[in-house]
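Dumped target-v6.tsv below, it's TSV, C-alpha atoms and all ligand atoms:
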chain	number	residue	atom	x	y	z
H	18	MET	CA	20.01	-54.40	-15.31
H	19	ALA	CA	19.54	-51.27	-17.36
H	20	PHE	CA	18.09	-47.83	-16.81
H	21	LYS	CA	15.15	-47.38	-19.18
H	22	THR	CA	14.28	-43.79	-20.02
H	23	ARG	CA	12.63	-41.91	-22.87
H	24	VAL	CA	16.14	-41.34	-24.23
H	25	THR	CA	16.98	-45.05	-24.41
H	26	GLU	CA	13.57	-45.70	-26.00
H	27	MET	CA	13.80	-42.94	-28.60
H	28	LEU	CA	17.39	-43.67	-29.60
H	29	GLY	CA	17.10	-47.46	-29.45
H	30	ILE	CA	20.07	-47.83	-27.10
H	31	GLU	CA	20.60	-49.99	-24.02
H	32	HIS	CA	22.10	-47.44	-21.61
H	33	PRO	CA	21.31	-43.71	-21.24
H	34	ILE	CA	24.89	-42.67	-21.99
H	35	VAL	CA	25.82	-40.59	-25.04
H	36	GLN	CA	29.25	-39.69	-26.36
H	37	GLY	CA	29.03	-36.09	-27.55
H	38	GLY	CA	30.54	-34.86	-30.79
H	39	MET	CA	34.26	-34.22	-30.43
H	40	GLN	CA	36.41	-32.49	-33.00
H	41	GLY	CA	39.44	-34.66	-33.75
H	42	VAL	CA	38.22	-37.50	-31.51
H	43	GLY	CA	34.78	-38.48	-32.84
H	44	LEU	CA	35.99	-41.04	-35.37
H	45	ALA	CA	34.58	-44.50	-36.11
H	46	GLU	CA	36.88	-46.22	-33.59
H	47	LEU	CA	35.36	-44.36	-30.64
H	48	ALA	CA	31.78	-44.00	-31.90
H	49	SER	CA	31.48	-47.73	-32.69
H	50	ALA	CA	33.05	-48.73	-29.35
H	51	VAL	CA	30.53	-46.59	-27.42
H	52	SER	CA	27.60	-47.91	-29.47
H	53	ASN	CA	28.79	-51.52	-29.15
H	54	ALA	CA	28.91	-51.00	-25.37
H	55	GLY	CA	25.22	-50.03	-25.38
H	56	GLY	CA	25.60	-46.23	-25.37
H	57	LEU	CA	25.27	-43.85	-28.31
H	58	GLY	CA	28.52	-43.14	-30.15
H	59	THR	CA	28.83	-40.04	-32.30
H	60	LEU	CA	30.92	-39.27	-35.38
H	61	THR	CA	31.97	-35.63	-35.62
H	62	ALA	CA	31.23	-34.37	-39.12
H	63	LEU	CA	33.74	-31.53	-39.23
H	64	THR	CA	36.60	-33.83	-38.27
H	65	GLN	CA	36.22	-35.08	-41.83
H	66	PRO	CA	37.76	-32.86	-44.51
H	67	SER	CA	34.70	-33.06	-46.79
H	68	PRO	CA	31.12	-34.39	-46.92
H	69	GLU	CA	32.45	-37.20	-49.15
H	70	ALA	CA	34.92	-38.21	-46.42
H	71	LEU	CA	32.05	-38.19	-43.89
H	72	ARG	CA	30.12	-40.60	-46.12
H	73	GLU	CA	33.10	-42.97	-46.01
H	74	GLU	CA	33.47	-42.57	-42.24
H	75	ILE	CA	29.78	-43.44	-41.76
H	76	GLU	CA	30.33	-46.60	-43.84
H	77	ARG	CA	33.45	-47.42	-41.81
H	78	CYS	CA	31.54	-46.97	-38.55
H	79	ARG	CA	28.70	-49.14	-39.84
H	80	SER	CA	31.21	-51.89	-40.62
H	81	MET	CA	32.31	-51.74	-36.96
H	82	THR	CA	28.89	-51.74	-35.27
H	83	ASP	CA	25.33	-52.77	-36.08
H	84	LYS	CA	24.03	-50.52	-33.27
H	85	PRO	CA	22.72	-46.95	-33.73
H	86	PHE	CA	25.25	-44.12	-33.84
H	87	ALA	CA	24.89	-40.38	-34.42
H	88	VAL	CA	26.62	-37.69	-36.47
H	89	ASN	CA	27.43	-34.37	-34.81
H	90	ILE	CA	27.28	-31.19	-36.88
H	91	THR	CA	28.58	-28.14	-35.03
H	92	VAL	CA	27.81	-24.75	-36.57
H	93	LEU	CA	30.13	-22.06	-35.25
H	94	PRO	CA	30.50	-18.43	-36.33
H	95	THR	CA	33.37	-18.42	-38.81
H	96	ILE	CA	34.54	-16.36	-41.75
H	97	LEU	CA	34.77	-19.29	-44.14
H	98	PRO	CA	31.87	-21.61	-43.19
H	99	PRO	CA	32.23	-25.29	-44.09
H	100	ASP	CA	29.62	-26.92	-46.36
H	101	TYR	CA	27.18	-27.64	-43.49
H	102	ALA	CA	24.37	-28.64	-45.86
H	103	GLY	CA	26.74	-31.01	-47.65
H	104	TYR	CA	27.70	-32.68	-44.35
H	105	ALA	CA	24.01	-32.94	-43.37
H	106	LYS	CA	23.20	-34.51	-46.74
H	107	ALA	CA	26.04	-37.01	-46.29
H	108	ALA	CA	24.57	-38.04	-42.91
H	109	ILE	CA	21.04	-38.31	-44.36
H	110	ASP	CA	22.16	-40.23	-47.47
H	111	GLY	CA	24.32	-42.44	-45.23
H	112	GLY	CA	21.19	-43.60	-43.43
H	113	VAL	CA	22.16	-42.13	-40.06
H	114	LYS	CA	19.10	-42.02	-37.79
H	115	ILE	CA	20.33	-39.52	-35.18
H	116	ILE	CA	21.97	-36.13	-35.73
H	117	GLU	CA	23.47	-34.14	-32.85
H	118	THR	CA	23.68	-30.42	-33.52
H	119	ALA	CA	25.32	-27.60	-31.58
H	120	GLY	CA	26.12	-23.96	-32.21
H	121	THR	CA	24.43	-21.00	-33.85
H	122	GLN	CA	20.80	-20.70	-35.00
H	123	GLN	CA	21.95	-21.83	-38.44
H	124	VAL	CA	21.56	-25.40	-37.12
H	125	ARG	CA	17.87	-24.99	-37.88
H	126	GLU	CA	18.63	-25.47	-41.59
H	127	ILE	CA	20.06	-28.87	-40.71
H	128	TRP	CA	16.94	-29.74	-38.67
H	129	GLU	CA	14.76	-28.78	-41.67
H	130	MET	CA	16.79	-31.05	-43.93
H	131	ALA	CA	16.84	-34.00	-41.52
H	132	LYS	CA	13.32	-34.06	-40.07
H	133	PRO	CA	11.49	-35.28	-43.22
H	134	HIS	CA	13.74	-38.37	-43.15
H	135	GLY	CA	12.56	-39.35	-39.67
H	136	ILE	CA	15.96	-38.53	-38.19
H	137	LYS	CA	15.97	-37.82	-34.45
H	138	ILE	CA	17.50	-34.44	-33.62
H	139	LEU	CA	19.51	-34.17	-30.47
H	140	HIS	CA	20.44	-30.54	-29.86
H	141	LYS	CA	23.13	-29.44	-27.43
H	142	CYS	CA	22.74	-26.06	-25.78
H	143	THR	CA	23.82	-24.19	-22.67
H	144	ALA	CA	20.76	-22.19	-21.59
H	145	VAL	CA	17.14	-22.96	-20.69
H	146	ARG	CA	15.89	-20.37	-23.22
H	147	HIS	CA	17.86	-22.04	-25.99
H	148	ALA	CA	16.51	-25.46	-24.97
H	149	LEU	CA	12.93	-24.15	-25.11
H	150	SER	CA	13.56	-22.60	-28.51
H	151	ALA	CA	14.96	-25.91	-29.85
H	152	GLU	CA	11.92	-27.72	-28.44
H	153	ARG	CA	9.58	-25.26	-30.18
H	154	HIS	CA	11.41	-25.88	-33.45
H	155	GLY	CA	10.80	-29.62	-33.29
H	156	CYS	CA	13.97	-31.09	-31.75
H	157	ASP	CA	13.54	-34.49	-30.17
H	158	ILE	CA	16.08	-34.45	-27.33
H	159	ILE	CA	18.00	-31.66	-25.59
H	160	SER	CA	21.53	-32.08	-24.32
H	161	ILE	CA	21.90	-29.35	-21.70
H	162	ASP	CA	25.54	-28.44	-21.16
H	163	GLY	CA	26.51	-26.94	-17.78
H	164	PHE	CA	29.37	-24.54	-17.05
H	165	GLU	CA	31.63	-27.47	-16.10
H	166	CYS	CA	31.76	-28.78	-19.66
H	167	ALA	CA	34.60	-29.00	-22.14
H	168	GLY	CA	34.00	-26.92	-25.24
H	169	HIS	CA	31.64	-23.95	-25.31
H	170	PRO	CA	29.77	-23.45	-22.00
H	171	GLY	CA	28.09	-20.22	-23.18
H	172	GLU	CA	28.23	-16.92	-21.33
H	173	ASP	CA	25.76	-17.46	-18.46
H	174	ASP	CA	28.08	-19.56	-16.25
H	175	ILE	CA	25.32	-21.72	-14.76
H	176	PRO	CA	26.63	-25.05	-13.43
H	177	GLY	CA	24.71	-28.27	-14.00
H	178	LEU	CA	23.32	-28.46	-10.46
H	179	ILE	CA	21.11	-25.47	-11.27
H	180	LEU	CA	20.93	-25.60	-15.06
H	181	ILE	CA	19.66	-29.18	-15.35
H	182	PRO	CA	16.68	-28.93	-12.93
H	183	SER	CA	15.87	-25.41	-14.21
H	184	ALA	CA	15.64	-26.83	-17.72
H	185	ALA	CA	13.77	-29.93	-16.51
H	186	ASP	CA	11.12	-27.67	-14.96
H	187	LYS	CA	10.31	-26.18	-18.36
H	188	VAL	CA	11.40	-28.50	-21.17
H	189	LYS	CA	8.94	-31.26	-22.00
H	190	ILE	CA	11.00	-33.33	-24.42
H	191	PRO	CA	13.62	-35.66	-22.89
H	192	MET	CA	16.94	-34.20	-21.83
H	193	LEU	CA	20.49	-35.42	-21.46
H	194	ALA	CA	22.58	-33.80	-18.76
H	195	SER	CA	25.98	-32.79	-20.09
H	196	GLY	CA	29.14	-31.31	-18.62
H	197	GLY	CA	31.01	-32.81	-15.70
H	198	PHE	CA	29.71	-36.38	-16.00
H	199	GLY	CA	32.07	-39.32	-15.76
H	200	ASP	CA	30.82	-41.91	-13.31
H	201	GLY	CA	27.81	-43.68	-11.79
H	202	ARG	CA	27.32	-40.97	-9.16
H	203	GLY	CA	26.95	-38.43	-11.94
H	204	LEU	CA	24.44	-40.59	-13.79
H	205	VAL	CA	22.25	-40.96	-10.69
H	206	ALA	CA	22.55	-37.23	-10.00
H	207	ALA	CA	21.53	-36.41	-13.58
H	208	LEU	CA	18.49	-38.68	-13.36
H	209	SER	CA	17.58	-37.13	-10.00
H	210	LEU	CA	17.83	-33.62	-11.43
H	211	GLY	CA	15.32	-34.47	-14.15
H	212	ALA	CA	17.49	-35.60	-17.05
H	213	GLU	CA	16.98	-38.97	-18.74
H	214	GLY	CA	20.60	-39.74	-19.44
H	215	ILE	CA	24.06	-38.23	-19.63
H	216	ASN	CA	26.25	-36.90	-22.41
H	217	MET	CA	30.01	-37.20	-21.87
H	218	GLY	CA	32.95	-35.78	-23.78
H	219	THR	CA	36.15	-35.56	-21.74
H	220	ARG	CA	35.62	-38.93	-20.00
H	221	PHE	CA	35.45	-40.71	-23.37
H	222	CYS	CA	38.77	-39.13	-24.44
H	223	ALA	CA	40.45	-41.16	-21.71
H	224	THR	CA	39.38	-44.55	-23.07
H	225	ARG	CA	41.36	-47.18	-24.91
H	226	GLU	CA	39.44	-46.67	-28.14
H	227	ALA	CA	39.72	-42.85	-28.27
H	228	PRO	CA	41.83	-42.28	-31.41
H	229	ILE	CA	44.28	-39.88	-29.77
H	230	HIS	CA	47.87	-40.12	-28.50
H	231	ASP	CA	48.43	-41.90	-25.15
H	232	ASN	CA	50.16	-38.77	-23.75
H	233	ILE	CA	46.94	-36.79	-24.19
H	234	LYS	CA	44.86	-39.53	-22.57
H	235	GLN	CA	47.30	-39.51	-19.64
H	236	LEU	CA	46.95	-35.72	-19.40
H	237	TYR	CA	43.20	-36.13	-18.78
H	238	VAL	CA	44.08	-38.60	-15.99
H	239	ASP	CA	46.84	-36.42	-14.47
H	240	ASN	CA	44.88	-33.15	-14.51
H	241	ASP	CA	42.51	-32.56	-11.62
H	242	GLU	CA	39.28	-30.54	-11.49
H	243	ARG	CA	41.29	-27.31	-11.66
H	244	GLY	CA	42.97	-28.40	-14.88
H	245	THR	CA	41.04	-26.18	-17.29
H	246	ASN	CA	41.22	-22.60	-18.55
H	247	LEU	CA	38.42	-20.43	-19.90
H	248	ILE	CA	39.52	-18.66	-23.06
H	249	PHE	CA	37.76	-16.39	-25.61
H	250	ARG	CA	35.71	-14.81	-22.75
H	251	LYS	CA	36.56	-11.39	-24.01
H	252	PHE	CA	35.14	-12.25	-27.44
H	253	LYS	CA	31.87	-13.68	-26.05
H	254	ASN	CA	32.71	-17.12	-27.39
H	255	THR	CA	33.91	-18.69	-24.14
H	256	ALA	CA	35.69	-22.02	-24.46
H	257	ARG	CA	36.77	-24.37	-21.68
H	258	VAL	CA	40.06	-26.01	-22.61
H	259	GLY	CA	42.71	-28.04	-20.81
H	260	LYS	CA	45.27	-26.16	-18.75
H	261	ASN	CA	48.74	-26.21	-20.31
H	262	SER	CA	51.42	-23.63	-21.13
H	263	VAL	CA	49.58	-22.57	-24.31
H	264	SER	CA	46.16	-21.95	-22.72
H	265	ASP	CA	47.90	-20.25	-19.74
H	266	LYS	CA	49.57	-17.92	-22.24
H	267	VAL	CA	46.24	-17.17	-23.96
H	268	VAL	CA	44.69	-16.30	-20.57
H	269	GLU	CA	47.64	-14.06	-19.77
H	270	ILE	CA	47.50	-12.19	-23.09
H	271	SER	CA	43.70	-11.87	-22.96
H	272	ALA	CA	43.91	-10.20	-19.54
H	273	ARG	CA	45.72	-7.23	-21.08
H	274	PRO	CA	43.16	-4.41	-21.46
H	275	ASP	CA	44.07	-3.74	-25.11
H	276	ALA	CA	44.28	-7.40	-26.19
H	277	THR	CA	42.59	-8.32	-29.48
H	278	PHE	CA	41.89	-11.67	-31.11
H	279	GLU	CA	44.90	-11.11	-33.38
H	280	ASP	CA	47.15	-11.27	-30.29
H	281	ILE	CA	46.01	-14.76	-29.32
H	282	LYS	CA	45.38	-16.11	-32.82
H	283	PRO	CA	48.81	-17.75	-33.23
H	284	TYR	CA	48.19	-19.86	-30.10
H	285	VAL	CA	44.66	-21.06	-30.75
H	286	ALA	CA	44.66	-22.47	-34.30
H	287	GLY	CA	42.32	-25.45	-34.42
H	288	ALA	CA	44.65	-27.30	-36.80
H	289	VAL	CA	47.50	-27.19	-34.24
H	290	GLY	CA	45.16	-28.50	-31.52
H	291	ARG	CA	44.12	-31.39	-33.76
H	292	GLU	CA	47.77	-32.12	-34.58
H	293	MET	CA	48.53	-32.18	-30.83
H	294	LEU	CA	45.99	-34.98	-30.31
H	295	LYS	CA	48.05	-37.07	-32.74
H	296	SER	CA	51.60	-36.00	-31.83
H	297	GLY	CA	51.14	-36.28	-28.07
H	298	ASP	CA	53.13	-33.06	-27.50
H	299	VAL	CA	51.16	-31.77	-24.52
H	300	ASP	CA	52.31	-28.17	-24.93
H	301	GLN	CA	51.82	-27.89	-28.69
H	302	GLY	CA	48.45	-26.13	-28.66
H	303	ILE	CA	44.97	-25.92	-27.20
H	304	PHE	CA	43.04	-29.08	-26.30
H	305	TRP	CA	39.43	-29.35	-25.15
H	306	ALA	CA	38.86	-30.59	-21.60
H	307	GLY	CA	36.29	-30.25	-18.84
H	308	MET	CA	36.40	-30.05	-15.05
H	309	VAL	CA	35.45	-33.74	-14.95
H	310	GLN	CA	39.17	-34.44	-15.36
H	311	GLY	CA	39.14	-34.42	-11.54
H	312	LEU	CA	37.08	-37.63	-11.67
H	313	ILE	CA	39.16	-39.43	-14.32
H	314	HIS	CA	41.71	-41.86	-12.87
H	315	ASP	CA	42.15	-44.52	-15.54
H	316	ILE	CA	41.94	-45.35	-19.24
H	317	PRO	CA	39.44	-48.22	-19.56
H	318	SER	CA	37.75	-49.60	-22.67
H	319	CYS	CA	34.41	-47.96	-23.48
H	320	LYS	CA	32.70	-51.23	-22.56
H	321	ASP	CA	34.34	-51.38	-19.13
H	322	LEU	CA	33.61	-47.69	-18.54
H	323	ILE	CA	29.93	-47.92	-19.44
H	324	GLU	CA	29.47	-51.16	-17.47
H	325	ARG	CA	31.12	-49.54	-14.46
H	326	ILE	CA	28.95	-46.42	-14.67
H	327	ILE	CA	25.75	-48.46	-14.93
H	328	GLY	CA	26.83	-50.91	-12.20
H	329	ASP	CA	27.80	-48.12	-9.80
H	330	ALA	CA	24.61	-46.17	-10.54
H	331	GLU	CA	22.53	-49.25	-9.84
H	332	GLU	CA	24.38	-49.89	-6.58
H	333	ILE	CA	23.80	-46.27	-5.50
H	334	VAL	CA	20.08	-46.40	-6.23
H	335	LYS	CA	19.40	-49.85	-4.79
H	336	GLY	CA	22.08	-49.90	-2.11
H	337	ARG	CA	23.19	-46.56	-0.72
H	338	LEU	CA	20.02	-44.55	-1.36
H	339	GLY	CA	17.71	-47.50	-0.74
H	340	ALA	CA	19.38	-48.09	2.64
H	341	MET	CA	18.86	-44.46	3.61
H	342	LEU	CA	15.13	-44.97	3.19
H	343	GLY	CA	15.36	-47.76	5.74
H	401	LIG	N1	31.02	-30.33	-28.84
H	401	LIG	C1	30.50	-30.06	-30.05
H	401	LIG	O1	29.30	-29.81	-30.15
H	401	LIG	N2	31.27	-30.07	-31.18
H	401	LIG	C2	32.59	-30.38	-31.14
H	401	LIG	O2	33.25	-30.39	-32.18
H	401	LIG	C3	33.16	-30.68	-29.87
H	401	LIG	N3	34.48	-31.03	-29.78
H	401	LIG	C4	34.97	-31.47	-28.56
H	401	LIG	C5	36.26	-32.00	-28.50
H	401	LIG	C6	36.74	-32.52	-27.31
H	401	LIG	C7	38.12	-33.12	-27.26
H	401	LIG	C8	35.94	-32.48	-26.13
H	401	LIG	C9	36.46	-33.03	-24.82
H	401	LIG	C10	34.67	-31.95	-26.19
H	401	LIG	C11	34.14	-31.46	-27.40
H	401	LIG	N4	32.84	-30.99	-27.51
H	401	LIG	C12	32.31	-30.65	-28.73
H	401	LIG	C13	31.94	-30.99	-26.32
H	401	LIG	C14	31.36	-32.38	-26.03
H	401	LIG	O3	30.57	-32.86	-27.08
H	401	LIG	C15	30.50	-32.36	-24.76
H	401	LIG	O4	29.41	-31.49	-24.92
H	401	LIG	C16	31.31	-31.94	-23.54
H	401	LIG	O5	32.58	-32.53	-23.58
H	401	LIG	C17	30.57	-32.33	-22.27
H	401	LIG	O6	31.32	-31.97	-21.16
H	401	LIG	P1	32.37	-32.98	-20.43
H	401	LIG	O7	33.62	-32.87	-21.21
H	401	LIG	O8	32.46	-32.44	-19.06
H	401	LIG	O9	31.79	-34.35	-20.49
Taking this structure as input, can you express it in the form of structure tokens?
Amino acid sequence: MAFKTRVTEMLGIEHPIVQGGMQGVGLAELASAVSNAGGLGTLTALTQPSPEALREEIERCRSMTDKPFAVNITVLPTILPPDYAGYAKAAIDGGVKIIETAGTQQVREIWEMAKPHGIKILHKCTAVRHALSAERHGCDIISIDGFECAGHPGEDDIPGLILIPSAADKVKIPMLASGGFGDGRGLVAALSLGAEGINMGTRFCATREAPIHDNIKQLYVDNDERGTNLIFRKFKNTARVGKNSVSDKVVEISARPDATFEDIKPYVAGAVGREMLKSGDVDQGIFWAGMVQGLIHDIPSCKDLIERIIGDAEEIVKGRLGAMLG
């Protein structure tokens, strides 16, 4: 059995389950495993040091799966912006059919580049108004990310239970529910709330194929739903990260009335966080994680995870909910 939605139709995938872009994690090993399991795997462009390296990673992923996969391009405010257009061109030239974008309005330049090539644009955002704006600008699918999510939940603090149906009331193009999803119950809930699939980040980090150290995978299992910290609030660039001694320290420093970004800078370097994913030193730096850690209890293969989610969702719809109807 499979859940057929506009998302599965548009993306040409079997199950309405997407692996969102993940800095340091979205490599060919994970993306191909998710796609081979019938979901949509995603390579993360900026994990590659250059557009040329992304071209090679796309080729590597294609050698590992003949199913569709996406490339995520995340545009964040930064002093020295990466060559976003170069990464977009690498994805287009590489024949990728789906691009996931996230971040500032500058993503529109990527949409303009990709659309003429028939590429489907999946845009991730955290507010209904941003979803409507993306729809107006020709995006194909919205990934709406609730306050529970790992990464950047925005500044409105609206959890998925409200955000997803609020968006579904207004957005006409198909939507993926994102943030806090990790099992079959979540998938059924997302479909009930008006989404046509789910996007998961944290849950896919705790899979066999995630190319990160076993200690970090175990951390996602050991942490419960309280195992995150919100950092960068003060700078209006809120990020939900895993709770450890480093993110605790950042929270502590940020609470000082006179704290500036310079005070926390030594603790939050992205390069150290990426190194931590490889070294397995759980207190080396900052790592991205969502509240869904409270629902993660094992480290399955992507295939077993996706099969379990679909099987459980089916059982809930046909069994538990069906029985309630008598
Ligand atoms: N989202 C992006 O758009 N770009 C990124 O580079 C990115 N890096 C992430 C790295 C990690 C390790 C994790 C866990 C998430 C990251 N995200 C990024 C967010 C995910 O794509 C996804 O939106 C989010 O994890 C959904 O919430 P969940 O973790 O509760 O499933």
Neighbourhood query: residues within 10 Å of (20.5, -45.7, -27.0), file coordinates, counting all atoms listed in the file; return as a ChimeraX atom specification. /H:21-35,52,55-58,84-86,214
Leaving out region 169-177 of chain H and any residue of its chain fewer than 4 positions from it, which residues lie within 9 Å of it when counting all atoms listed in the file, given as a PyMOL selection string? chain H and resi 120+142-144+161-165+181-182+194-197+207+250+253-257
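Minimum atom-to-atom distance to Gly290 (chain H), evaluated using only C-alpha atoms, belongs to H:Ile229 out of H:Ala272, H:Val124, H:Glu324, H:Ile229.
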One decimal, Å: what's the distance from CA of Lys141 (chain H) over to CA of Val285 (chain H), could you say?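 Calculated distance between CA of Lys141 (chain H) and CA of Val285 (chain H) is 23.3 Å.
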Would you write out, as CSV, a table of all residues in chain H that have an atom no more than 8 Å from an atom of ligand LIG 401 (chain H), listing for each the closest atom pair and the distance in Å to one decimal, considering all atoms listed in the file and ordering rows by chain and rising residue number?
residue,atom,partner,partner_atom,distance
H:Gln36,CA,H:LIG401,O3,7.0
H:Gly37,CA,H:LIG401,O3,3.6
H:Gly38,CA,H:LIG401,O3,4.2
H:Met39,CA,H:LIG401,N3,3.3
H:Gln40,CA,H:LIG401,O2,3.9
H:Gly41,CA,H:LIG401,C5,6.7
H:Val42,CA,H:LIG401,C7,6.1
H:Gly43,CA,H:LIG401,C5,7.9
H:Thr61,CA,H:LIG401,O2,6.4
H:Leu63,CA,H:LIG401,O2,7.2
H:Thr64,CA,H:LIG401,O2,7.8
H:Asn89,CA,H:LIG401,O1,6.8
H:Ile90,CA,H:LIG401,N2,7.0
H:Thr91,CA,H:LIG401,N2,5.1
H:Glu117,CA,H:LIG401,O1,7.7
H:Thr118,CA,H:LIG401,O1,6.6
H:Ala119,CA,H:LIG401,O1,4.8
H:Gly120,CA,H:LIG401,O1,7.0
H:Lys141,CA,H:LIG401,O1,6.8
H:Ser160,CA,H:LIG401,O4,7.9
H:Asp162,CA,H:LIG401,O4,6.2
H:Gly163,CA,H:LIG401,O6,7.7
H:Glu165,CA,H:LIG401,O8,5.8
H:Cys166,CA,H:LIG401,O6,3.6
H:Ala167,CA,H:LIG401,O7,4.1
H:Gly168,CA,H:LIG401,C13,4.7
H:His169,CA,H:LIG401,C13,7.1
H:Ser195,CA,H:LIG401,C17,5.1
H:Gly196,CA,H:LIG401,O6,3.4
H:Gly197,CA,H:LIG401,O8,3.7
H:Phe198,CA,H:LIG401,O9,5.3
H:Gly199,CA,H:LIG401,O9,6.9
H:Asn216,CA,H:LIG401,C17,6.3
H:Met217,CA,H:LIG401,O9,3.6
H:Gly218,CA,H:LIG401,O5,3.3
H:Thr219,CA,H:LIG401,O7,3.7
H:Arg220,CA,H:LIG401,O9,6.0
H:Phe221,CA,H:LIG401,C9,7.9
H:Cys222,CA,H:LIG401,C9,6.5
H:Phe304,CA,H:LIG401,C7,6.4
H:Trp305,CA,H:LIG401,C7,4.5
H:Ala306,CA,H:LIG401,C9,4.7
H:Gly307,CA,H:LIG401,O8,4.4
H:Met308,CA,H:LIG401,O8,6.1
H:Val309,CA,H:LIG401,O8,5.2
H:Gln310,CA,H:LIG401,O8,7.9
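Candidate residues H:Gly211, H:Pro317, H:Gly297, H:Pro191 were compared for distance to Ile233 (chain H), and the nearest is H:Gly297, using all atoms listed in the file.
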Mind pulling up the distance from CA of Pro228 (chain H) to CA of Lys295 (chain H)? 8.2 Å
Measuring between all atoms listed in the file, which one of H:Ala227, H:Ile75, H:Val238, H:Val334 shows the shortest distance to Leu47 (chain H)?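 Selected residue with least distance to Leu47 (chain H): H:Ala227.
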Enclose region 246-252 of chain H, meaning all of its atoms listed in the file, in a box aligned along x, y and z, pad it by 6 Å on each side, and list the centre and edge lengths in Å to one decimal, as JSON.
{"center_x": 38.2, "center_y": -17.0, "center_z": -23.0, "size_x": 18.1, "size_y": 23.2, "size_z": 20.9}
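Taking CA of Leu294 (chain H) and CA of His230 (chain H) as the two end points, the separation is 5.8 Å.
Checking H:Pro68, H:Gly201, H:Val263, H:Met81 one by one against Pro99 (chain H), counting all atoms listed in the file, you find the shortest gap at H:Pro68.
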Exercise: Ile159 (chain H) partners within 9 Å, only C-alpha atoms, chain neighbours under 3 positions left out, as a PyMOL selection string: chain H and resi 138-142+148+151-152+156+188+190-194
Selected residue, from H:Ala184, H:Pro274, H:Asp83, H:Ala288, that lies nearest to Pro66 (chain H) when counting all atoms listed in the file: H:Ala288
Which one is closest to Leu338 (chain H): H:Ser209, H:Val145, H:Ser183, H:Asp239? Count all atoms listed in the file. H:Ser209
Neighbours of Ala87 (chain H) within 6 Å (only C-alpha atoms; same-chain residues fewer than 5 positions away dropped), as a count of residues only? 3
Leaving out region 276-283 of chain H and any residue of its chain fewer than 5 positions from it, which residues lie within 8 Å of it when counting all atoms listed in the file, given as a list in words?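 Once the nearby chain positions are removed, what remains is Phe252, Val267, Ile270 and Ser271 of chain H.
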Restricting it to C-alpha atoms, dump the selection as a tab-separated table (two decimals), in the coordinates of the input.
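Output saved as selection27.tsv:
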chain	number	residue	atom	x	y	z
H	252	PHE	CA	35.14	-12.25	-27.44
H	267	VAL	CA	46.24	-17.17	-23.96
H	270	ILE	CA	47.50	-12.19	-23.09
H	271	SER	CA	43.70	-11.87	-22.96
Would you be able to write out as a ChimeraX atom specification which residues have an atom within 6 Å of (29.1, -18.9, -32.7) in the file's coordinates, counting all atoms listed in the file? /H:93-94,120-121
Residue selection dump (C-alpha atoms) as a PDB file, in the coordinates of the input:
ATOM      1  CA  LEU H  93      30.130 -22.060 -35.250  1.00  0.00           C
ATOM      2  CA  PRO H  94      30.500 -18.430 -36.330  1.00  0.00           C
ATOM      3  CA  GLY H 120      26.120 -23.960 -32.210  1.00  0.00           C
ATOM      4  CA  THR H 121      24.430 -21.000 -33.850  1.00  0.00           C
TER       5      THR H 121
END
Shell around Leu322 (chain H) at 9 Å using all atoms listed in the file, local window under 4 positions removed, as a list in words: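 Once the nearby chain positions are removed, what remains is Ala54, Gly199, Asp200, Phe221, Thr224, Ile316, Pro317, Ser318, Ile326 and Ile327 of chain H.
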Go ahead and write the selection's residues with C-alpha atoms as a PDB file, keeping the file's coordinate frame.
ATOM      1  CA  ALA H  54      28.910 -51.000 -25.370  1.00  0.00           C
ATOM      2  CA  GLY H 199      32.070 -39.320 -15.760  1.00  0.00           C
ATOM      3  CA  ASP H 200      30.820 -41.910 -13.310  1.00  0.00           C
ATOM      4  CA  PHE H 221      35.450 -40.710 -23.370  1.00  0.00           C
ATOM      5  CA  THR H 224      39.380 -44.550 -23.070  1.00  0.00           C
ATOM      6  CA  ILE H 316      41.940 -45.350 -19.240  1.00  0.00           C
ATOM      7  CA  PRO H 317      39.440 -48.220 -19.560  1.00  0.00           C
ATOM      8  CA  SER H 318      37.750 -49.600 -22.670  1.00  0.00           C
ATOM      9  CA  ILE H 326      28.950 -46.420 -14.670  1.00  0.00           C
ATOM     10  CA  ILE H 327      25.750 -48.460 -14.930  1.00  0.00           C
TER      11      ILE H 327
END
Model the absent atoms of region 269-274 of chain H so that N, CA and C atoms are present, and write the result as an mmCIF file, keeping the file's coordinate frame.
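Final file, rebuild-v6.cif:
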data_model
loop_
_atom_site.group_PDB
_atom_site.id
_atom_site.type_symbol
_atom_site.label_atom_id
_atom_site.label_comp_id
_atom_site.auth_asym_id
_atom_site.auth_seq_id
_atom_site.Cartn_x
_atom_site.Cartn_y
_atom_site.Cartn_z
ATOM 1 N N GLU H 269 46.780 -15.195 -20.156
ATOM 2 C CA GLU H 269 47.640 -14.060 -19.770
ATOM 3 C C GLU H 269 47.516 -12.913 -20.780
ATOM 4 N N ILE H 270 47.594 -13.238 -22.055
ATOM 5 C CA ILE H 270 47.500 -12.190 -23.090
ATOM 6 C C ILE H 270 46.104 -11.544 -23.053
ATOM 7 N N SER H 271 45.075 -12.384 -22.917
ATOM 8 C CA SER H 271 43.700 -11.870 -22.960
ATOM 9 C C SER H 271 43.414 -10.906 -21.810
ATOM 10 N N ALA H 272 44.155 -11.052 -20.701
ATOM 11 C CA ALA H 272 43.910 -10.200 -19.540
ATOM 12 C C ALA H 272 44.413 -8.764 -19.773
ATOM 13 N N ARG H 273 45.243 -8.592 -20.801
ATOM 14 C CA ARG H 273 45.720 -7.230 -21.080
ATOM 15 C C ARG H 273 44.538 -6.411 -21.619
ATOM 16 N N PRO H 274 44.354 -5.197 -21.087
ATOM 17 C CA PRO H 274 43.160 -4.410 -21.460
ATOM 18 C C PRO H 274 43.022 -4.182 -22.963
#
